[in-house]
There are 2 protein chains.
Amino acid sequence: MTSQPPSTAIPSLAAESPPSQVEGGGDSQLSLEDQLFVALRRITRAMDLQSRLLLQDYGLTAPQLSALWAISRLQPVPAGVVAREIHLGYSTVTGILDRLERRGWIGRARGDRDRRSVSLCLTAEGECFLAGAPKLLKSGFQQRLAGLRQWERMQIVATLQRVADMMDDTNLDERGGVF
Amino acid sequence: MTSQPPSTAIPSLAAESPPSQVEGGGDSQLSLEDQLFVALRRITRAMDLQSRLLLQDYGLTAPQLSALWAISRLQPVPAGVVAREIHLGYSTVTGILDRLERRGWIGRARGDRDRRSVSLCLTAEGECFLAGAPKLLKSGFQQRLAGLRQWERMQIVATLQRVADMMDDTNLDERGGVF
DNA sequence: CAGAATCATTTCGCGTGCAAATTAATTATC
DNA sequence: GATAATTAATTTGCACGCGAAATGATTCTG
């Protein structure tokens, strides 16, 4: 019936919470892979919630803001490049650009040389908005991050990039491997 | 599981990204925070795509499978516990349970003592399905993970959990801090 | 013991993000 | 130079996951 595996699992490393049942998730008895999945799910959810918060406070989602920054950095830039840059599908980016354009933050213009492509540029209002725009990452998270040492931050980023590389099949063959 | 990782091990590790421009995203000129965001976005997307792949091949999404495993592990279990366990909102879990129930993999029953709560159990078919069920993480990712050393895997999981802790405000106050 | 407060779950409305099909423009092939 | 193949962007259809409000059940108060 109920599975109570008497696992001898030593709560390792990050699981140095005392044997008291910490509410929220008894990861200790999960396999490493499952723990990893849970952590990833928590991160995904946190990203989603942060995006909703942005939407509520500023009227744009995190992907929208991310696109805006990318355009600001690369303009004039075709839509496809932005999609690849911020790791969203083409069709998704179209919708995002619609909303950014409707708000008057970006301008769309068909390319001169190639009239299939769309050239994206920030408008003056777009620049203005970005000047006072919120950060992509939640302020609480940023603060906590800032509280770490430089090498810790770099280590975290490196690990995340490594995980992203391992999960993301698309541009893996081009690179020839994770290492 | 018995080995304690060398706690001082981590410093430079994978952080030695050479200035070479890898195609796809010129992260090199981005701030550390932006690089972090991009990595998180890539991970989120990879999770989404993996879930779609599951849906296509097995007819259930990653959250559904995750819920199924959780129920299998904790049954009989009320819905709210499952929601907290797999880090999804209550309302989301309701929909997931609908689909799992419609497929005949779980059974819902109002609690005897408290008729507000719903007791969830796996059906025989559910058990059967789980026996041959796919993993939550993409096979390619799992293989790459398996290719690492144990301490590397643990380091990755620990870092992800740490990031999740830092991003997730909900159960932070209860714990008193990240450390 | 009635009414209020609380709790677990569900319903509803919304925006997201994807794949597949579509449109429009460019390049390749014969 | 016309037809086919490719490319960039968009439209369409679908399921997800959230918050807020609603529902039904239980406990707290006076």
# chains A, B, ... in the order shown; residues from 1 in each chain; ligands from 1
call {"tool": "closest_atom_pairs", "arguments": {"of": "chain A", "to": "chain D", "cutoff": "8 Å", "atoms": "only C-alpha atoms (C1' of nucleotides)", "output": "CSV"}}
result
residue,atom,partner,partner_atom,distance
A:Ala79,CA,D:DA9,C1',7.9
A:Gly80,CA,D:DA8,C1',7.4
A:Tyr90,CA,D:DA9,C1',7.9
A:Ser91,CA,D:DT10,C1',7.2
A:Thr94,CA,D:DT10,C1',7.1
A:Arg116,CA,D:DA8,C1',5.3
A:Ser117,CA,D:DA8,C1',5.3
A:Val118,CA,D:DA9,C1',7.7
call {"tool": "interface_residues", "arguments": {"of": "chain A", "to": "chain B", "cutoff": "6 Å", "atoms": "only C-alpha atoms", "output": "ChimeraX atom specification"}}
result
/A:14,25,36,39,42-44,46,85,141,155,157-158,160-161,164,166-168
call {"tool": "atom_distance", "arguments": {"atom1": "CA of Glu125 in chain B", "atom2": "CA of Arg103 in chain B"}}
result
9.1 Å
call {"tool": "interface_residues", "arguments": {"of": "chain C", "to": "chain A", "cutoff": "7 Å", "atoms": "only C-alpha atoms (C1' of nucleotides)", "output": "ChimeraX atom specification"}}
result
/C:17,24-25
call {"tool": "write_last_selection", "arguments": {"atoms": "C-alpha atoms (C1' of nucleotides)", "output": "mmCIF file, in the first residue's frame"}}
result
data_model
loop_
_atom_site.group_PDB
_atom_site.id
_atom_site.type_symbol
_atom_site.label_atom_id
_atom_site.label_comp_id
_atom_site.auth_asym_id
_atom_site.auth_seq_id
_atom_site.Cartn_x
_atom_site.Cartn_y
_atom_site.Cartn_z
ATOM 1 C "C1'" DG C 17 3.900 29.756 -26.010
ATOM 2 C "C1'" DA C 24 4.728 36.726 -49.329
ATOM 3 C "C1'" DA C 25 9.358 37.426 -51.162
#
call {"tool": "select_by_dssp", "arguments": {"residues": "range 39-148 of chain A", "states": "strand (DSSP E or B)", "output": "ChimeraX atom specification"}}
result
/A:77-78,106-110,118-122
call {"tool": "write_last_selection", "arguments": {"atoms": "C-alpha atoms", "output": "PDB file, in the first residue's frame"}}
result
ATOM      1  CA  VAL A  77      17.393  43.854 -36.194  1.00  0.00           C
ATOM      2  CA  PRO A  78      15.114  41.388 -37.989  1.00  0.00           C
ATOM      3  CA  ILE A 106       9.088  49.614 -31.219  1.00  0.00           C
ATOM      4  CA  GLY A 107       8.726  50.275 -34.923  1.00  0.00           C
ATOM      5  CA  ARG A 108       8.371  47.614 -37.560  1.00  0.00           C
ATOM      6  CA  ALA A 109       9.571  48.214 -41.077  1.00  0.00           C
ATOM      7  CA  ARG A 110       9.940  45.850 -43.962  1.00  0.00           C
ATOM      8  CA  VAL A 118      11.157  42.960 -40.741  1.00  0.00           C
ATOM      9  CA  SER A 119      13.482  45.524 -39.314  1.00  0.00           C
ATOM     10  CA  LEU A 120      12.876  46.338 -35.698  1.00  0.00           C
ATOM     11  CA  CYS A 121      13.872  49.546 -33.971  1.00  0.00           C
ATOM     12  CA  LEU A 122      13.118  51.187 -30.691  1.00  0.00           C
TER      13      LEU A 122
END
call {"tool": "atom_distance", "arguments": {"atom1": "CA of Leu100 in chain A", "atom2": "C1' of DC12 in chain C"}}
result
27.9 Å
call {"tool": "atom_distance", "arguments": {"atom1": "CA of Arg102 in chain A", "atom2": "CA of Gln64 in chain A"}}
result
12.3 Å
call {"tool": "decode", "arguments": {"residues": "chain D", "atoms": "N, CA and C atoms (P, O5', C5', C4', C3', O3' and C1' of nucleotides)", "output": "PDB file, in the first residue's frame"}}
result
ATOM      1  P    DG D   1      14.354  36.686 -69.666  1.00  0.00           P
ATOM      2  O5'  DG D   1      12.756  36.837 -69.651  1.00  0.00           O
ATOM      3  C5'  DG D   1      12.065  35.985 -70.567  1.00  0.00           C
ATOM      4  C4'  DG D   1      11.583  34.742 -69.857  1.00  0.00           C
ATOM      5  C3'  DG D   1      10.694  34.975 -68.638  1.00  0.00           C
ATOM      6  O3'  DG D   1       9.642  34.040 -68.692  1.00  0.00           O
ATOM      7  C1'  DG D   1      12.453  33.556 -68.031  1.00  0.00           C
ATOM      8  P    DA D   2       8.224  34.511 -68.142  1.00  0.00           P
ATOM      9  O5'  DA D   2       7.752  33.121 -67.508  1.00  0.00           O
ATOM     10  C5'  DA D   2       7.441  32.033 -68.376  1.00  0.00           C
ATOM     11  C4'  DA D   2       7.682  30.731 -67.637  1.00  0.00           C
ATOM     12  C3'  DA D   2       6.803  30.522 -66.407  1.00  0.00           C
ATOM     13  O3'  DA D   2       6.307  29.182 -66.414  1.00  0.00           O
ATOM     14  C1'  DA D   2       9.089  30.310 -65.809  1.00  0.00           C
ATOM     15  P    DT D   3       5.130  28.760 -65.396  1.00  0.00           P
ATOM     16  O5'  DT D   3       5.854  27.710 -64.439  1.00  0.00           O
ATOM     17  C5'  DT D   3       6.585  26.612 -65.014  1.00  0.00           C
ATOM     18  C4'  DT D   3       7.424  25.949 -63.929  1.00  0.00           C
ATOM     19  C3'  DT D   3       6.674  25.725 -62.609  1.00  0.00           C
ATOM     20  O3'  DT D   3       6.886  24.392 -62.162  1.00  0.00           O
ATOM     21  C1'  DT D   3       8.701  26.860 -62.207  1.00  0.00           C
ATOM     22  P    DA D   4       6.164  23.839 -60.830  1.00  0.00           P
ATOM     23  O5'  DA D   4       7.398  23.579 -59.863  1.00  0.00           O
ATOM     24  C5'  DA D   4       8.537  22.873 -60.368  1.00  0.00           C
ATOM     25  C4'  DA D   4       9.690  23.000 -59.381  1.00  0.00           C
ATOM     26  C3'  DA D   4       9.307  22.671 -57.940  1.00  0.00           C
ATOM     27  O3'  DA D   4      10.305  21.837 -57.370  1.00  0.00           O
ATOM     28  C1'  DA D   4      10.246  24.846 -58.051  1.00  0.00           C
ATOM     29  P    DA D   5      10.099  21.184 -55.939  1.00  0.00           P
ATOM     30  O5'  DA D   5      11.094  22.033 -55.026  1.00  0.00           O
ATOM     31  C5'  DA D   5      12.474  22.074 -55.387  1.00  0.00           C
ATOM     32  C4'  DA D   5      13.209  23.081 -54.510  1.00  0.00           C
ATOM     33  C3'  DA D   5      12.990  22.906 -52.999  1.00  0.00           C
ATOM     34  O3'  DA D   5      14.243  22.981 -52.354  1.00  0.00           O
ATOM     35  C1'  DA D   5      12.479  25.127 -53.640  1.00  0.00           C
ATOM     36  P    DT D   6      14.329  22.764 -50.765  1.00  0.00           P
ATOM     37  O5'  DT D   6      14.454  24.248 -50.212  1.00  0.00           O
ATOM     38  C5'  DT D   6      15.584  25.044 -50.617  1.00  0.00           C
ATOM     39  C4'  DT D   6      15.429  26.466 -50.128  1.00  0.00           C
ATOM     40  C3'  DT D   6      15.267  26.623 -48.609  1.00  0.00           C
ATOM     41  O3'  DT D   6      16.355  27.393 -48.126  1.00  0.00           O
ATOM     42  C1'  DT D   6      13.748  28.006 -49.797  1.00  0.00           C
ATOM     43  P    DT D   7      16.592  27.534 -46.565  1.00  0.00           P
ATOM     44  O5'  DT D   7      15.926  28.949 -46.271  1.00  0.00           O
ATOM     45  C5'  DT D   7      16.418  30.115 -46.932  1.00  0.00           C
ATOM     46  C4'  DT D   7      15.528  31.296 -46.607  1.00  0.00           C
ATOM     47  C3'  DT D   7      15.208  31.416 -45.114  1.00  0.00           C
ATOM     48  O3'  DT D   7      15.674  32.665 -44.638  1.00  0.00           O
ATOM     49  C1'  DT D   7      13.254  31.659 -46.454  1.00  0.00           C
ATOM     50  P    DA D   8      15.427  33.090 -43.140  1.00  0.00           P
ATOM     51  O5'  DA D   8      14.152  34.025 -43.276  1.00  0.00           O
ATOM     52  C5'  DA D   8      14.289  35.319 -43.866  1.00  0.00           C
ATOM     53  C4'  DA D   8      13.112  36.190 -43.465  1.00  0.00           C
ATOM     54  C3'  DA D   8      12.850  36.242 -41.962  1.00  0.00           C
ATOM     55  O3'  DA D   8      12.534  37.574 -41.580  1.00  0.00           O
ATOM     56  C1'  DA D   8      10.950  35.312 -43.086  1.00  0.00           C
ATOM     57  P    DA D   9      12.240  37.910 -40.059  1.00  0.00           P
ATOM     58  O5'  DA D   9      10.651  37.784 -40.011  1.00  0.00           O
ATOM     59  C5'  DA D   9       9.894  38.695 -40.802  1.00  0.00           C
ATOM     60  C4'  DA D   9       8.453  38.254 -40.864  1.00  0.00           C
ATOM     61  C3'  DA D   9       7.695  38.263 -39.536  1.00  0.00           C
ATOM     62  O3'  DA D   9       6.758  39.325 -39.589  1.00  0.00           O
ATOM     63  C1'  DA D   9       7.174  36.356 -40.884  1.00  0.00           C
ATOM     64  P    DT D  10       5.792  39.598 -38.354  1.00  0.00           P
ATOM     65  O5'  DT D  10       4.497  38.726 -38.682  1.00  0.00           O
ATOM     66  C5'  DT D  10       3.828  38.905 -39.931  1.00  0.00           C
ATOM     67  C4'  DT D  10       2.729  37.879 -40.108  1.00  0.00           C
ATOM     68  C3'  DT D  10       1.709  37.827 -38.972  1.00  0.00           C
ATOM     69  O3'  DT D  10       0.438  38.163 -39.502  1.00  0.00           O
ATOM     70  C1'  DT D  10       2.382  35.656 -39.640  1.00  0.00           C
ATOM     71  P    DT D  11      -0.812  38.339 -38.557  1.00  0.00           P
ATOM     72  O5'  DT D  11      -1.587  36.953 -38.722  1.00  0.00           O
ATOM     73  C5'  DT D  11      -2.026  36.551 -40.018  1.00  0.00           C
ATOM     74  C4'  DT D  11      -2.669  35.170 -39.949  1.00  0.00           C
ATOM     75  C3'  DT D  11      -3.767  35.014 -38.887  1.00  0.00           C
ATOM     76  O3'  DT D  11      -4.904  34.420 -39.490  1.00  0.00           O
ATOM     77  C1'  DT D  11      -2.141  33.304 -38.651  1.00  0.00           C
ATOM     78  P    DT D  12      -6.220  34.139 -38.652  1.00  0.00           P
ATOM     79  O5'  DT D  12      -6.053  32.630 -38.168  1.00  0.00           O
ATOM     80  C5'  DT D  12      -5.823  31.600 -39.134  1.00  0.00           C
ATOM     81  C4'  DT D  12      -5.759  30.243 -38.461  1.00  0.00           C
ATOM     82  C3'  DT D  12      -6.784  30.033 -37.342  1.00  0.00           C
ATOM     83  O3'  DT D  12      -7.423  28.779 -37.543  1.00  0.00           O
ATOM     84  C1'  DT D  12      -4.616  29.522 -36.557  1.00  0.00           C
ATOM     85  P    DG D  13      -8.686  28.345 -36.668  1.00  0.00           P
ATOM     86  O5'  DG D  13      -8.046  27.264 -35.674  1.00  0.00           O
ATOM     87  C5'  DG D  13      -7.333  26.149 -36.212  1.00  0.00           C
ATOM     88  C4'  DG D  13      -6.778  25.309 -35.083  1.00  0.00           C
ATOM     89  C3'  DG D  13      -7.730  25.132 -33.891  1.00  0.00           C
ATOM     90  O3'  DG D  13      -7.658  23.778 -33.450  1.00  0.00           O
ATOM     91  C1'  DG D  13      -5.696  26.043 -33.143  1.00  0.00           C
ATOM     92  P    DC D  14      -8.625  23.226 -32.326  1.00  0.00           P
ATOM     93  O5'  DC D  14      -7.630  22.996 -31.113  1.00  0.00           O
ATOM     94  C5'  DC D  14      -6.475  22.163 -31.303  1.00  0.00           C
ATOM     95  C4'  DC D  14      -5.508  22.359 -30.157  1.00  0.00           C
ATOM     96  C3'  DC D  14      -6.148  22.237 -28.778  1.00  0.00           C
ATOM     97  O3'  DC D  14      -5.708  21.041 -28.149  1.00  0.00           O
ATOM     98  C1'  DC D  14      -4.605  24.056 -28.907  1.00  0.00           C
ATOM     99  P    DA D  15      -6.500  20.459 -26.888  1.00  0.00           P
ATOM    100  O5'  DA D  15      -5.503  20.703 -25.679  1.00  0.00           O
ATOM    101  C5'  DA D  15      -4.191  20.178 -25.743  1.00  0.00           C
ATOM    102  C4'  DA D  15      -3.328  20.895 -24.729  1.00  0.00           C
ATOM    103  C3'  DA D  15      -3.926  20.885 -23.316  1.00  0.00           C
ATOM    104  O3'  DA D  15      -2.983  20.298 -22.431  1.00  0.00           O
ATOM    105  C1'  DA D  15      -3.292  23.093 -23.985  1.00  0.00           C
ATOM    106  P    DC D  16      -3.164  20.335 -20.878  1.00  0.00           P
ATOM    107  O5'  DC D  16      -2.268  21.588 -20.467  1.00  0.00           O
ATOM    108  C5'  DC D  16      -0.915  21.636 -20.899  1.00  0.00           C
ATOM    109  C4'  DC D  16      -0.276  22.926 -20.426  1.00  0.00           C
ATOM    110  C3'  DC D  16      -0.428  23.145 -18.925  1.00  0.00           C
ATOM    111  O3'  DC D  16       0.849  23.355 -18.373  1.00  0.00           O
ATOM    112  C1'  DC D  16      -1.181  25.059 -20.146  1.00  0.00           C
ATOM    113  P    DG D  17       1.144  22.998 -16.871  1.00  0.00           P
ATOM    114  O5'  DG D  17       0.861  24.377 -16.155  1.00  0.00           O
ATOM    115  C5'  DG D  17       1.753  25.459 -16.359  1.00  0.00           C
ATOM    116  C4'  DG D  17       1.177  26.692 -15.715  1.00  0.00           C
ATOM    117  C3'  DG D  17       0.636  26.445 -14.301  1.00  0.00           C
ATOM    118  O3'  DG D  17       1.283  27.328 -13.400  1.00  0.00           O
ATOM    119  C1'  DG D  17      -0.952  27.574 -15.661  1.00  0.00           C
ATOM    120  P    DC D  18       1.002  27.309 -11.875  1.00  0.00           P
ATOM    121  O5'  DC D  18       0.316  28.707 -11.576  1.00  0.00           O
ATOM    122  C5'  DC D  18       1.003  29.894 -11.947  1.00  0.00           C
ATOM    123  C4'  DC D  18       0.031  31.030 -12.172  1.00  0.00           C
ATOM    124  C3'  DC D  18      -0.878  31.313 -10.983  1.00  0.00           C
ATOM    125  O3'  DC D  18      -0.289  32.309 -10.160  1.00  0.00           O
ATOM    126  C1'  DC D  18      -2.080  31.392 -13.072  1.00  0.00           C
ATOM    127  P    DG D  19      -0.899  32.574  -8.731  1.00  0.00           P
ATOM    128  O5'  DG D  19      -2.107  33.595  -8.988  1.00  0.00           O
ATOM    129  C5'  DG D  19      -1.868  34.814  -9.685  1.00  0.00           C
ATOM    130  C4'  DG D  19      -3.161  35.584  -9.812  1.00  0.00           C
ATOM    131  C3'  DG D  19      -3.889  35.818  -8.490  1.00  0.00           C
ATOM    132  O3'  DG D  19      -4.469  37.113  -8.506  1.00  0.00           O
ATOM    133  C1'  DG D  19      -5.254  34.504  -9.929  1.00  0.00           C
ATOM    134  P    DA D  20      -5.194  37.661  -7.203  1.00  0.00           P
ATOM    135  O5'  DA D  20      -6.750  37.511  -7.536  1.00  0.00           O
ATOM    136  C5'  DA D  20      -7.252  38.002  -8.789  1.00  0.00           C
ATOM    137  C4'  DA D  20      -8.728  37.700  -8.907  1.00  0.00           C
ATOM    138  C3'  DA D  20      -9.524  37.866  -7.614  1.00  0.00           C
ATOM    139  O3'  DA D  20     -10.799  38.417  -7.921  1.00  0.00           O
ATOM    140  C1'  DA D  20      -9.743  35.653  -8.380  1.00  0.00           C
ATOM    141  P    DA D  21     -11.812  38.787  -6.772  1.00  0.00           P
ATOM    142  O5'  DA D  21     -13.006  37.755  -7.010  1.00  0.00           O
ATOM    143  C5'  DA D  21     -13.532  37.603  -8.334  1.00  0.00           C
ATOM    144  C4'  DA D  21     -14.417  36.380  -8.387  1.00  0.00           C
ATOM    145  C3'  DA D  21     -15.447  36.289  -7.257  1.00  0.00           C
ATOM    146  O3'  DA D  21     -16.702  35.916  -7.793  1.00  0.00           O
ATOM    147  C1'  DA D  21     -14.151  34.309  -7.342  1.00  0.00           C
ATOM    148  P    DA D  22     -17.950  35.673  -6.864  1.00  0.00           P
ATOM    149  O5'  DA D  22     -18.083  34.079  -6.833  1.00  0.00           O
ATOM    150  C5'  DA D  22     -18.165  33.378  -8.067  1.00  0.00           C
ATOM    151  C4'  DA D  22     -18.296  31.895  -7.810  1.00  0.00           C
ATOM    152  C3'  DA D  22     -19.354  31.510  -6.774  1.00  0.00           C
ATOM    153  O3'  DA D  22     -20.092  30.413  -7.258  1.00  0.00           O
ATOM    154  C1'  DA D  22     -17.269  30.580  -6.171  1.00  0.00           C
ATOM    155  P    DT D  23     -21.432  29.959  -6.520  1.00  0.00           P
ATOM    156  O5'  DT D  23     -21.029  28.579  -5.840  1.00  0.00           O
ATOM    157  C5'  DT D  23     -20.423  27.551  -6.631  1.00  0.00           C
ATOM    158  C4'  DT D  23     -19.908  26.446  -5.732  1.00  0.00           C
ATOM    159  C3'  DT D  23     -20.873  26.063  -4.602  1.00  0.00           C
ATOM    160  O3'  DT D  23     -21.181  24.685  -4.726  1.00  0.00           O
ATOM    161  C1'  DT D  23     -18.646  26.288  -3.808  1.00  0.00           C
ATOM    162  P    DG D  24     -22.451  24.073  -4.005  1.00  0.00           P
ATOM    163  O5'  DG D  24     -21.795  23.194  -2.855  1.00  0.00           O
ATOM    164  C5'  DG D  24     -20.729  22.312  -3.180  1.00  0.00           C
ATOM    165  C4'  DG D  24     -19.930  21.996  -1.935  1.00  0.00           C
ATOM    166  C3'  DG D  24     -20.768  21.647  -0.689  1.00  0.00           C
ATOM    167  O3'  DG D  24     -20.330  20.400  -0.204  1.00  0.00           O
ATOM    168  C1'  DG D  24     -19.111  23.232  -0.170  1.00  0.00           C
ATOM    169  P    DA D  25     -20.991  19.774   1.067  1.00  0.00           P
ATOM    170  O5'  DA D  25     -19.869  19.967   2.176  1.00  0.00           O
ATOM    171  C5'  DA D  25     -18.612  19.325   2.008  1.00  0.00           C
ATOM    172  C4'  DA D  25     -17.697  19.692   3.155  1.00  0.00           C
ATOM    173  C3'  DA D  25     -18.261  19.386   4.550  1.00  0.00           C
ATOM    174  O3'  DA D  25     -17.263  18.696   5.296  1.00  0.00           O
ATOM    175  C1'  DA D  25     -17.559  21.641   4.406  1.00  0.00           C
ATOM    176  P    DT D  26     -17.533  18.136   6.705  1.00  0.00           P
ATOM    177  O5'  DT D  26     -16.712  19.112   7.644  1.00  0.00           O
ATOM    178  C5'  DT D  26     -15.317  19.290   7.420  1.00  0.00           C
ATOM    179  C4'  DT D  26     -14.781  20.415   8.280  1.00  0.00           C
ATOM    180  C3'  DT D  26     -15.071  20.258   9.783  1.00  0.00           C
ATOM    181  O3'  DT D  26     -13.840  20.284  10.479  1.00  0.00           O
ATOM    182  C1'  DT D  26     -15.576  22.454   9.015  1.00  0.00           C
ATOM    183  P    DT D  27     -13.766  19.908  12.007  1.00  0.00           P
ATOM    184  O5'  DT D  27     -13.488  21.340  12.634  1.00  0.00           O
ATOM    185  C5'  DT D  27     -12.368  22.087  12.172  1.00  0.00           C
ATOM    186  C4'  DT D  27     -12.489  23.539  12.617  1.00  0.00           C
ATOM    187  C3'  DT D  27     -12.655  23.715  14.138  1.00  0.00           C
ATOM    188  O3'  DT D  27     -11.735  24.714  14.567  1.00  0.00           O
ATOM    189  C1'  DT D  27     -14.296  24.945  12.989  1.00  0.00           C
ATOM    190  P    DC D  28     -11.361  24.879  16.095  1.00  0.00           P
ATOM    191  O5'  DC D  28     -11.710  26.401  16.388  1.00  0.00           O
ATOM    192  C5'  DC D  28     -11.211  27.400  15.509  1.00  0.00           C
ATOM    193  C4'  DC D  28     -12.084  28.655  15.583  1.00  0.00           C
ATOM    194  C3'  DC D  28     -12.298  29.192  17.004  1.00  0.00           C
ATOM    195  O3'  DC D  28     -12.070  30.588  16.992  1.00  0.00           O
ATOM    196  C1'  DC D  28     -14.376  28.946  15.889  1.00  0.00           C
ATOM    197  P    DT D  29     -11.742  31.355  18.375  1.00  0.00           P
ATOM    198  O5'  DT D  29     -12.902  32.440  18.445  1.00  0.00           O
ATOM    199  C5'  DT D  29     -14.170  32.111  17.873  1.00  0.00           C
ATOM    200  C4'  DT D  29     -15.144  33.225  18.060  1.00  0.00           C
ATOM    201  C3'  DT D  29     -15.323  33.710  19.495  1.00  0.00           C
ATOM    202  O3'  DT D  29     -15.820  35.022  19.494  1.00  0.00           O
ATOM    203  C1'  DT D  29     -17.256  32.482  18.805  1.00  0.00           C
ATOM    204  P    DG D  30     -15.687  35.953  20.767  1.00  0.00           P
ATOM    205  O5'  DG D  30     -17.215  36.171  21.162  1.00  0.00           O
ATOM    206  C5'  DG D  30     -18.139  36.675  20.205  1.00  0.00           C
ATOM    207  C4'  DG D  30     -19.538  36.236  20.564  1.00  0.00           C
ATOM    208  C3'  DG D  30     -19.915  36.507  22.026  1.00  0.00           C
ATOM    209  O3'  DG D  30     -21.140  37.212  22.080  1.00  0.00           O
ATOM    210  C1'  DG D  30     -20.433  34.283  21.424  1.00  0.00           C
TER     211       DG D  30
END
